[in-house]
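First comes the structure, then the notes that go with it.
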Protein chains: 2
Amino acid sequence: MSRTRTTSTDVILDAAADLFATRPFHEVKLDDIAAKARVGKGTIYLYWKSKEEVYLAIIRRGFSAVLTSIDEDLAVHDGSCSEKLEAIVGALVDFAFAYPEVYRIMRSGTLTPEDPDLQAVRSELVKRIVSVLKAGQADGEFDDPCPALTAQYMLSFVRGALLYSPPGLTRPMLKRHILHVLTRGITRRGGR
Amino acid sequence: MSRTRTTSTDVILDAAADLFATRPFHEVKLDDIAAKARVGKGTIYLYWKSKEEVYLAIIRRGFSAVLTSIDEDLAVHDGSCSEKLEAIVGALVDFAFAYPEVYRIMRSGTLTPEDPDLQAVRSELVKRIVSVLKAGQADGEFDDPCPALTAQYMLSFVRGALLYSPPGLTRPMLKRHILHVLTRGITRRGGR
DNA sequence: TCGCCAATACTGACCAGTCAGTTTCGCCTC
DNA sequence: GAGGCGAAACTGACTGGTCAGTATTGGCGA
């Protein structure tokens, strides 16, 4: 690094994320990304070797961020599993509100079905969730016949809520509601 | 299947659905679709005016099918709301297993963010679900602070499970699990 | 013979990716 | 601290392949 890098790759990814969030993949031109990032088109190719790579980089960055945030939260809450679950839901929702583009992007066109790196981060995330669910199962807090499915639901919840959110949806509202459904379901609890 | 037969648009949509399910939009060529459907490329333009229209037609067809199936189910089960809910989940899961391409397609690249027709069908579907949830709320069966959100979750459930399904997932297993989580949550029920 | 449509040839716009050239900057020497 | 060098960062006009969409043909069934 004798020569300090002047362009941060994040600048480019931010610009690209904006564009991919509003238009499908094939409608986003590299020239657009370059223009928005105020960078020459060639510069993009210094860091990634194709448009698709840029795209994947955005999603990977997003997932890694949630993962980190969840890990931090889990480190703090070392209490009951339901507390941990709450922390996870909180992290997912916070992330979704902070970076809605990532969700929009993922709607708008995945490519190359399987990018190993991306897949790895995603499954790491699922693993975290599943392990909390299983721990809860083991110590009798939870009763979930299939934690692997539940983990998938949790990711999908946020997605569904964000992409087609009822007007006026706030962050705490969503957190609370997801936890409500997830922990006790929608059945009305008996009399008492 | 004489040559005279005017091509059924379903043949073309089926072929296209197969392709779109395995490859992202921009990698699917109209020539491929035509070849797979054993149809001339020009014929496709008889029915839709662009590749994108073909794509939208597939999704619209999918949504309409679920909608019809749900309406039929609801007509039969005129019992309690939880029975109706069960019917809805059943219809969603059945559909997902019958036409997994539609889910894969929707992952692999939505276009033109808002197609009014498509949006209309989707929101019709959501409306059905919400009305069952609200009815359940009214007659004291359910306790759901935000049915609109729950309806979104229900669509997402299936999606999440299907796209990243744990190996060995069967249809009844998924139905049962979704209902489990949805109606009673994952918390272990008290001693008794 | 007519009408329908598969097959196929054609074309023009579009855009990802390249690369020769330009700028920037750290560092060395005097 | 000025000046000069080399290397790395960056640029954007250009190119070549691709493919959506159109036009044409020819074969088959009625």
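FYI, nothing fancy with the structure tokens labels: chains A, B, ... in order, residues from 1 per chain, ligands from 1 as they appear.
Fitting chain B onto chain A across all of their Cα atoms brings the RMSD down to 1.9 Å.
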**OP:** Do a neighbour search on DT29 of chain C at 12 Å with only C-alpha atoms (C1' of nucleotides), toss out local chain neighbours closer than 6 positions, and write the hits as a list in words.
**Re:**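 Using only C-alpha atoms (C1' of nucleotides), the neighbours found are DG1, DA2, DG3, DG4 and DC5 of chain D.
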Subject >> Of the listed residues B:Ile178, B:Glu52, B:Ile58, B:Ser82, that which approaches Arg159 of chain B most closely, counting only C-alpha atoms >> reply: B:Ile178
Pull the closest atom pair for each residue of chain C that gets at most 10 Å from chain B, along with the distance in Å to one decimal, counting only C-alpha atoms (C1' of nucleotides), ordering rows by chain and then ascending residue number, as CSV.
```
residue,atom,partner,partner_atom,distance
C:DG3,C1',B:Thr4,CA,9.5
C:DC4,C1',B:Thr4,CA,6.7
C:DC5,C1',B:Gly40,CA,7.4
C:DA6,C1',B:Gly40,CA,5.0
C:DA7,C1',B:Gly40,CA,6.6
C:DT8,C1',B:Gly40,CA,9.3
```
Determine, for each residue of chain B having at least one atom at most 9 Å from an atom of chain A, the closest pair of atoms and their separation in Å to one decimal, counting only C-alpha atoms; order by chain and ascending number, as a tab-separated table.
```
residue	atom	partner	partner_atom	distance
B:Thr22	CA	A:Pro113	CA	7.9
B:Arg23	CA	A:Thr112	CA	7.5
B:Pro24	CA	A:Leu111	CA	5.6
B:Phe25	CA	A:His26	CA	7.9
B:His26	CA	A:His26	CA	6.1
B:Ser82	CA	A:Thr187	CA	8.6
B:Met106	CA	A:Arg107	CA	7.6
B:Arg107	CA	A:Arg107	CA	6.1
B:Ser108	CA	A:Gly109	CA	4.8
B:Gly109	CA	A:Gly109	CA	3.4
B:Thr110	CA	A:Ser108	CA	4.9
B:Leu111	CA	A:Pro24	CA	5.5
B:Thr112	CA	A:Pro24	CA	7.3
B:Pro113	CA	A:Arg23	CA	7.3
B:Gln137	CA	A:Arg188	CA	8.5
B:Gly140	CA	A:Arg188	CA	6.9
B:Glu141	CA	A:Arg188	CA	5.7
B:Phe142	CA	A:Thr187	CA	4.6
B:Asp143	CA	A:Arg188	CA	4.7
B:Asp144	CA	A:Ile186	CA	5.3
B:Pro145	CA	A:His177	CA	7.2
B:Cys146	CA	A:His177	CA	7.3
B:Ala148	CA	A:Pro166	CA	6.7
B:Leu149	CA	A:Ala161	CA	6.2
B:Thr150	CA	A:Val181	CA	8.0
B:Gln152	CA	A:Gly160	CA	5.5
B:Tyr153	CA	A:Phe157	CA	5.2
B:Met154	CA	A:Phe157	CA	8.5
B:Leu155	CA	A:Gly160	CA	7.6
B:Ser156	CA	A:Ser156	CA	5.4
B:Phe157	CA	A:Tyr153	CA	5.3
B:Val158	CA	A:Tyr153	CA	8.2
B:Arg159	CA	A:Ser156	CA	7.5
B:Gly160	CA	A:Gln152	CA	5.4
B:Ala161	CA	A:Gln152	CA	6.1
B:Tyr164	CA	A:Gln152	CA	7.3
B:Ser165	CA	A:Leu149	CA	7.4
B:Pro166	CA	A:Ala148	CA	6.8
B:Leu174	CA	A:Leu149	CA	8.4
B:His177	CA	A:Pro145	CA	7.2
B:Ile178	CA	A:Thr150	CA	8.6
B:His180	CA	A:Gly185	CA	8.0
B:Val181	CA	A:Gly185	CA	6.0
B:Leu182	CA	A:Gly185	CA	4.9
B:Thr183	CA	A:Gly185	CA	4.4
B:Arg184	CA	A:Gly185	CA	3.9
B:Gly185	CA	A:Gly185	CA	3.9
B:Ile186	CA	A:Thr183	CA	5.0
B:Thr187	CA	A:Phe142	CA	4.6
B:Arg188	CA	A:Phe142	CA	4.7
B:Arg189	CA	A:Asp143	CA	7.8
```
Just to be explicit: take each residue in the selection above, keep N, CA and C atoms, and write the result as a short mmCIF file (atom, residue, chain, number, x, y, z; two decimals), in the first residue's frame.
```cif
data_model
loop_
_atom_site.label_atom_id
_atom_site.label_comp_id
_atom_site.auth_asym_id
_atom_site.auth_seq_id
_atom_site.Cartn_x
_atom_site.Cartn_y
_atom_site.Cartn_z
N THR B 22 -34.36 -21.72 -13.65
CA THR B 22 -32.99 -22.19 -13.44
C THR B 22 -31.94 -21.15 -13.78
N ARG B 23 -32.35 -20.11 -14.47
CA ARG B 23 -31.38 -19.10 -14.86
C ARG B 23 -31.96 -17.72 -14.62
N PRO B 24 -31.13 -16.75 -14.35
CA PRO B 24 -31.64 -15.40 -14.19
C PRO B 24 -32.18 -14.85 -15.51
N PHE B 25 -33.09 -13.94 -15.39
CA PHE B 25 -33.76 -13.34 -16.54
C PHE B 25 -32.86 -13.06 -17.74
N HIS B 26 -31.79 -12.35 -17.48
CA HIS B 26 -30.99 -11.92 -18.63
C HIS B 26 -30.21 -13.04 -19.27
N SER B 82 -59.82 -20.92 12.44
CA SER B 82 -58.57 -21.68 12.43
C SER B 82 -58.63 -22.78 11.38
N MET B 106 -39.44 -16.21 -8.85
CA MET B 106 -39.60 -14.95 -8.16
C MET B 106 -38.34 -14.57 -7.40
N ARG B 107 -37.58 -15.57 -7.04
CA ARG B 107 -36.30 -15.24 -6.45
C ARG B 107 -35.39 -14.68 -7.51
N SER B 108 -35.45 -15.30 -8.67
CA SER B 108 -34.38 -15.06 -9.61
C SER B 108 -34.55 -13.85 -10.49
N GLY B 109 -35.38 -12.92 -10.11
CA GLY B 109 -35.34 -11.69 -10.86
C GLY B 109 -36.68 -11.08 -11.16
N THR B 110 -37.15 -10.28 -10.29
CA THR B 110 -38.35 -9.55 -10.59
C THR B 110 -37.97 -8.41 -11.50
N LEU B 111 -38.90 -8.04 -12.30
CA LEU B 111 -38.63 -6.96 -13.23
C LEU B 111 -39.63 -5.88 -12.95
N THR B 112 -39.52 -4.85 -13.73
CA THR B 112 -40.48 -3.77 -13.65
C THR B 112 -41.18 -3.81 -12.30
N PRO B 113 -40.50 -3.31 -11.30
CA PRO B 113 -40.98 -3.47 -9.93
C PRO B 113 -42.48 -3.60 -9.82
N GLN B 137 -60.01 -12.72 14.84
CA GLN B 137 -59.78 -11.72 15.89
C GLN B 137 -61.13 -11.30 16.49
N GLY B 140 -62.83 -13.77 18.71
CA GLY B 140 -62.05 -14.19 19.87
C GLY B 140 -61.18 -15.42 19.68
N GLU B 141 -61.11 -15.91 18.44
CA GLU B 141 -60.27 -17.09 18.24
C GLU B 141 -58.79 -16.73 18.19
N PHE B 142 -58.52 -15.61 17.53
CA PHE B 142 -57.14 -15.21 17.37
C PHE B 142 -56.79 -14.00 18.23
N ASP B 143 -55.49 -13.82 18.39
CA ASP B 143 -55.01 -12.63 19.07
C ASP B 143 -53.80 -12.14 18.28
N ASP B 144 -54.08 -11.32 17.30
CA ASP B 144 -53.00 -10.89 16.41
C ASP B 144 -53.03 -9.37 16.27
N PRO B 145 -52.02 -8.71 16.80
CA PRO B 145 -52.01 -7.26 16.78
C PRO B 145 -51.91 -6.65 15.38
N CYS B 146 -51.50 -7.43 14.42
CA CYS B 146 -51.38 -6.84 13.08
C CYS B 146 -51.54 -7.88 11.98
N ALA B 148 -52.22 -7.68 8.93
CA ALA B 148 -51.59 -7.38 7.65
C ALA B 148 -50.17 -7.94 7.61
N LEU B 149 -49.47 -7.80 8.72
CA LEU B 149 -48.12 -8.35 8.78
C LEU B 149 -48.15 -9.87 8.73
N THR B 150 -49.03 -10.43 9.50
CA THR B 150 -49.10 -11.89 9.54
C THR B 150 -49.36 -12.47 8.16
N GLN B 152 -48.41 -11.26 5.38
CA GLN B 152 -47.14 -11.25 4.65
C GLN B 152 -46.26 -12.41 5.09
N TYR B 153 -46.23 -12.65 6.39
CA TYR B 153 -45.41 -13.76 6.87
C TYR B 153 -45.85 -15.06 6.22
N MET B 154 -47.16 -15.23 6.13
CA MET B 154 -47.65 -16.50 5.62
C MET B 154 -47.16 -16.77 4.21
N LEU B 155 -47.13 -15.72 3.42
CA LEU B 155 -46.59 -15.91 2.07
C LEU B 155 -45.10 -16.20 2.15
N SER B 156 -44.46 -15.55 3.09
CA SER B 156 -43.01 -15.72 3.20
C SER B 156 -42.61 -17.08 3.73
N PHE B 157 -43.42 -17.61 4.63
CA PHE B 157 -43.14 -18.93 5.19
C PHE B 157 -42.77 -19.91 4.10
N VAL B 158 -43.69 -20.02 3.18
CA VAL B 158 -43.54 -21.02 2.15
C VAL B 158 -42.30 -20.74 1.31
N ARG B 159 -42.16 -19.49 0.99
CA ARG B 159 -41.02 -19.08 0.20
C ARG B 159 -39.70 -19.49 0.83
N GLY B 160 -39.55 -19.11 2.08
CA GLY B 160 -38.32 -19.41 2.80
C GLY B 160 -38.07 -20.90 2.86
N ALA B 161 -39.12 -21.62 3.20
CA ALA B 161 -38.95 -23.06 3.35
C ALA B 161 -38.57 -23.71 2.03
N TYR B 164 -34.85 -22.69 0.54
CA TYR B 164 -33.70 -23.23 1.25
C TYR B 164 -34.16 -24.38 2.11
N SER B 165 -34.83 -25.33 1.48
CA SER B 165 -35.46 -26.35 2.29
C SER B 165 -34.46 -27.34 2.86
N PRO B 166 -34.65 -27.69 4.12
CA PRO B 166 -33.83 -28.74 4.71
C PRO B 166 -34.14 -30.01 3.94
N LEU B 174 -44.27 -29.77 6.26
CA LEU B 174 -44.19 -28.32 6.17
C LEU B 174 -45.50 -27.68 6.61
N HIS B 177 -45.78 -27.87 10.32
CA HIS B 177 -44.84 -27.00 11.02
C HIS B 177 -45.26 -25.54 10.93
N ILE B 178 -45.68 -25.13 9.76
CA ILE B 178 -46.11 -23.74 9.62
C ILE B 178 -47.29 -23.47 10.56
N HIS B 180 -48.04 -25.03 13.23
CA HIS B 180 -47.53 -25.08 14.61
C HIS B 180 -47.02 -23.70 15.02
N VAL B 181 -46.10 -23.20 14.24
CA VAL B 181 -45.52 -21.90 14.57
C VAL B 181 -46.58 -20.80 14.54
N LEU B 182 -47.38 -20.85 13.50
CA LEU B 182 -48.33 -19.77 13.32
C LEU B 182 -49.38 -19.73 14.43
N THR B 183 -49.86 -20.87 14.82
CA THR B 183 -50.95 -20.85 15.79
C THR B 183 -50.49 -20.83 17.24
N ARG B 184 -49.38 -21.48 17.51
CA ARG B 184 -49.01 -21.52 18.92
C ARG B 184 -47.58 -21.04 19.23
N GLY B 185 -46.86 -20.70 18.20
CA GLY B 185 -45.51 -20.22 18.45
C GLY B 185 -44.60 -21.34 18.89
N ILE B 186 -43.37 -21.01 19.19
CA ILE B 186 -42.44 -22.09 19.54
C ILE B 186 -42.21 -22.22 21.04
N THR B 187 -42.87 -21.37 21.82
CA THR B 187 -42.67 -21.48 23.26
C THR B 187 -43.28 -22.78 23.77
N ARG B 188 -42.58 -23.40 24.68
CA ARG B 188 -43.11 -24.63 25.27
C ARG B 188 -44.30 -24.28 26.13
N ARG B 189 -45.37 -25.07 25.94
CA ARG B 189 -46.57 -24.79 26.73
C ARG B 189 -46.39 -25.27 28.15
#
```
With a cut-off of 9 Å, could you pull out the residues of chain D touching chain B and give me the nearest pair of atoms for each, distance in Å to one decimal, using only C-alpha atoms (C1' of nucleotides), ordered by chain and ascending number, as JSON lines?
```
{"residue": "D:DC19", "atom": "C1'", "partner": "B:Lys29", "partner_atom": "CA", "distance": 7.4}
{"residue": "D:DA20", "atom": "C1'", "partner": "B:Leu30", "partner_atom": "CA", "distance": 7.7}
{"residue": "D:DG21", "atom": "C1'", "partner": "B:Ser50", "partner_atom": "CA", "distance": 8.3}
{"residue": "D:DT22", "atom": "C1'", "partner": "B:Gly42", "partner_atom": "CA", "distance": 8.4}
{"residue": "D:DC28", "atom": "C1'", "partner": "B:Arg3", "partner_atom": "CA", "distance": 7.4}
{"residue": "D:DG29", "atom": "C1'", "partner": "B:Thr4", "partner_atom": "CA", "distance": 6.6}
{"residue": "D:DA30", "atom": "C1'", "partner": "B:Thr4", "partner_atom": "CA", "distance": 8.7}
```
Serialized selection, N, CA and C atoms (P, O5', C5', C4', C3', O3' and C1' of nucleotides), as a compact mmCIF listing (two decimals), in the first residue's frame:
```
# COMPACT_ATOMS: atom_id res chain seq x y z
P DC D 19 -26.74 -13.82 -25.59
O5' DC D 19 -28.10 -13.13 -26.01
C5' DC D 19 -28.17 -11.72 -25.79
C4' DC D 19 -29.41 -11.15 -26.42
C3' DC D 19 -30.50 -12.16 -26.78
O3' DC D 19 -31.71 -11.48 -26.60
C1' DC D 19 -29.85 -11.03 -28.71
P DA D 20 -33.00 -12.22 -26.01
O5' DA D 20 -34.07 -11.06 -26.17
C5' DA D 20 -33.80 -9.78 -25.61
C4' DA D 20 -34.41 -8.70 -26.47
C3' DA D 20 -35.87 -8.90 -26.83
O3' DA D 20 -36.50 -7.62 -26.82
C1' DA D 20 -34.57 -8.86 -28.81
P DG D 21 -38.08 -7.53 -26.87
O5' DG D 21 -38.36 -7.43 -28.42
C5' DG D 21 -37.92 -6.25 -29.09
C4' DG D 21 -37.93 -6.47 -30.57
C3' DG D 21 -39.26 -6.95 -31.17
O3' DG D 21 -39.63 -6.00 -32.16
C1' DG D 21 -37.46 -8.12 -32.10
P DT D 22 -40.93 -6.15 -33.07
O5' DT D 22 -40.33 -6.50 -34.51
C5' DT D 22 -39.34 -5.64 -35.08
C4' DT D 22 -39.03 -6.13 -36.48
C3' DT D 22 -40.25 -6.45 -37.34
O3' DT D 22 -39.99 -5.95 -38.65
C1' DT D 22 -38.85 -8.32 -37.26
P DC D 28 -44.27 -30.94 -45.42
O5' DC D 28 -45.26 -31.24 -44.22
C5' DC D 28 -45.34 -30.36 -43.08
C4' DC D 28 -46.78 -30.00 -42.81
C3' DC D 28 -47.80 -30.99 -43.41
O3' DC D 28 -48.75 -31.30 -42.42
C1' DC D 28 -48.39 -28.79 -43.99
P DG D 29 -49.67 -32.63 -42.56
O5' DG D 29 -51.00 -32.17 -41.80
C5' DG D 29 -51.00 -31.01 -40.96
C4' DG D 29 -52.31 -30.28 -41.12
C3' DG D 29 -53.49 -31.16 -41.52
O3' DG D 29 -54.63 -30.69 -40.81
C1' DG D 29 -53.22 -29.46 -43.13
P DA D 30 -55.96 -31.41 -40.79
O5' DA D 30 -56.84 -30.37 -41.61
C5' DA D 30 -56.98 -29.02 -41.14
C4' DA D 30 -57.89 -28.31 -42.10
C3' DA D 30 -59.08 -29.15 -42.57
O3' DA D 30 -60.22 -28.32 -42.67
C1' DA D 30 -57.86 -28.44 -44.44
```
Subject >> Which of chain B fall in alpha helix (DSSP H), as a ChimeraX atom specification >> reply: /B:9-22,30-37,41-47,51-76,81-98,100-107,116-138,147-163,171-184
Considering only C-alpha atoms (C1' of nucleotides), return as a CSV table (one decimal) with C-alpha atoms, in the first residue's frame whatever protein or nucleic-acid residues lie within 12 Å of Phe95 of chain A, sequence-local ones (same chain, fewer than 5 positions apart) excluded.
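Ended up saving to result38.csv:
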```csv
chain,number,residue,atom,x,y,z
A,61,ARG,CA,-21.4,-7.2,2.5
A,62,GLY,CA,-25.0,-7.0,3.8
A,63,PHE,CA,-25.1,-10.5,5.2
A,64,SER,CA,-21.7,-10.1,6.9
A,65,ALA,CA,-23.0,-7.0,8.6
A,66,VAL,CA,-26.0,-8.8,10.0
A,67,LEU,CA,-23.9,-11.7,11.1
A,68,THR,CA,-21.5,-9.4,12.9
A,69,SER,CA,-24.3,-7.6,14.6
A,70,ILE,CA,-25.9,-10.8,15.7
A,88,ILE,CA,-31.6,-12.0,16.9
A,89,VAL,CA,-34.9,-10.7,15.8
A,90,GLY,CA,-33.9,-7.3,16.9
A,100,PRO,CA,-33.5,-1.8,3.0
A,101,GLU,CA,-31.7,-1.8,-0.3
A,102,VAL,CA,-30.2,-5.2,0.4
A,103,TYR,CA,-33.6,-6.7,0.7
A,155,LEU,CA,-35.2,-14.5,7.7
A,158,VAL,CA,-38.3,-9.6,7.8
A,159,ARG,CA,-38.1,-9.8,4.1
A,162,LEU,CA,-40.2,-5.0,4.5
A,171,ARG,CA,-39.1,-0.8,13.8
A,175,LYS,CA,-39.9,-6.5,16.2
```
Original post:
Quick one: residues within 10 Å of DT15 of chain D, only C-alpha atoms (C1' of nucleotides) counted, chain neighbours fewer than 2 positions away excluded, as a PyMOL selection string?
Top reply: (chain C and resi 17-18) or (chain D and resi 13+17)
Grab the residues selected above and save them as a PDB file, in the first residue's frame with N, CA and C atoms (P, O5', C5', C4', C3', O3' and C1' of nucleotides).
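Result went into result.pdb, see below:
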```pdb
ATOM      1  P    DG C  17     -18.843  -8.329 -17.934  1.00  0.00           P
ATOM      2  O5'  DG C  17     -17.476  -7.872 -18.599  1.00  0.00           O
ATOM      3  C5'  DG C  17     -17.132  -8.463 -19.862  1.00  0.00           C
ATOM      4  C4'  DG C  17     -16.029  -7.673 -20.498  1.00  0.00           C
ATOM      5  C3'  DG C  17     -14.796  -7.381 -19.628  1.00  0.00           C
ATOM      6  O3'  DG C  17     -13.683  -7.878 -20.341  1.00  0.00           O
ATOM      7  C1'  DG C  17     -15.448  -5.467 -20.789  1.00  0.00           C
ATOM      8  P    DT C  18     -12.221  -7.794 -19.820  1.00  0.00           P
ATOM      9  O5'  DT C  18     -11.502  -6.848 -20.875  1.00  0.00           O
ATOM     10  C5'  DT C  18     -11.775  -7.003 -22.256  1.00  0.00           C
ATOM     11  C4'  DT C  18     -11.013  -5.934 -23.028  1.00  0.00           C
ATOM     12  C3'  DT C  18      -9.585  -5.684 -22.547  1.00  0.00           C
ATOM     13  O3'  DT C  18      -8.800  -5.547 -23.721  1.00  0.00           O
ATOM     14  C1'  DT C  18     -10.755  -3.643 -22.545  1.00  0.00           C
TER      15       DT C  18
ATOM     16  P    DA D  13     -15.337   9.664 -23.500  1.00  0.00           P
ATOM     17  O5'  DA D  13     -14.807   9.314 -24.963  1.00  0.00           O
ATOM     18  C5'  DA D  13     -13.427   9.497 -25.277  1.00  0.00           C
ATOM     19  C4'  DA D  13     -12.933   8.341 -26.140  1.00  0.00           C
ATOM     20  C3'  DA D  13     -13.862   7.963 -27.291  1.00  0.00           C
ATOM     21  O3'  DA D  13     -13.021   7.598 -28.382  1.00  0.00           O
ATOM     22  C1'  DA D  13     -13.619   6.100 -25.864  1.00  0.00           C
ATOM     23  P    DG D  17     -16.306 -10.858 -31.954  1.00  0.00           P
ATOM     24  O5'  DG D  17     -17.313 -11.529 -30.940  1.00  0.00           O
ATOM     25  C5'  DG D  17     -17.095 -11.382 -29.533  1.00  0.00           C
ATOM     26  C4'  DG D  17     -18.424 -11.321 -28.832  1.00  0.00           C
ATOM     27  C3'  DG D  17     -19.458 -12.308 -29.362  1.00  0.00           C
ATOM     28  O3'  DG D  17     -20.022 -12.947 -28.249  1.00  0.00           O
ATOM     29  C1'  DG D  17     -20.359 -10.108 -29.378  1.00  0.00           C
TER      30       DG D  17
END
```
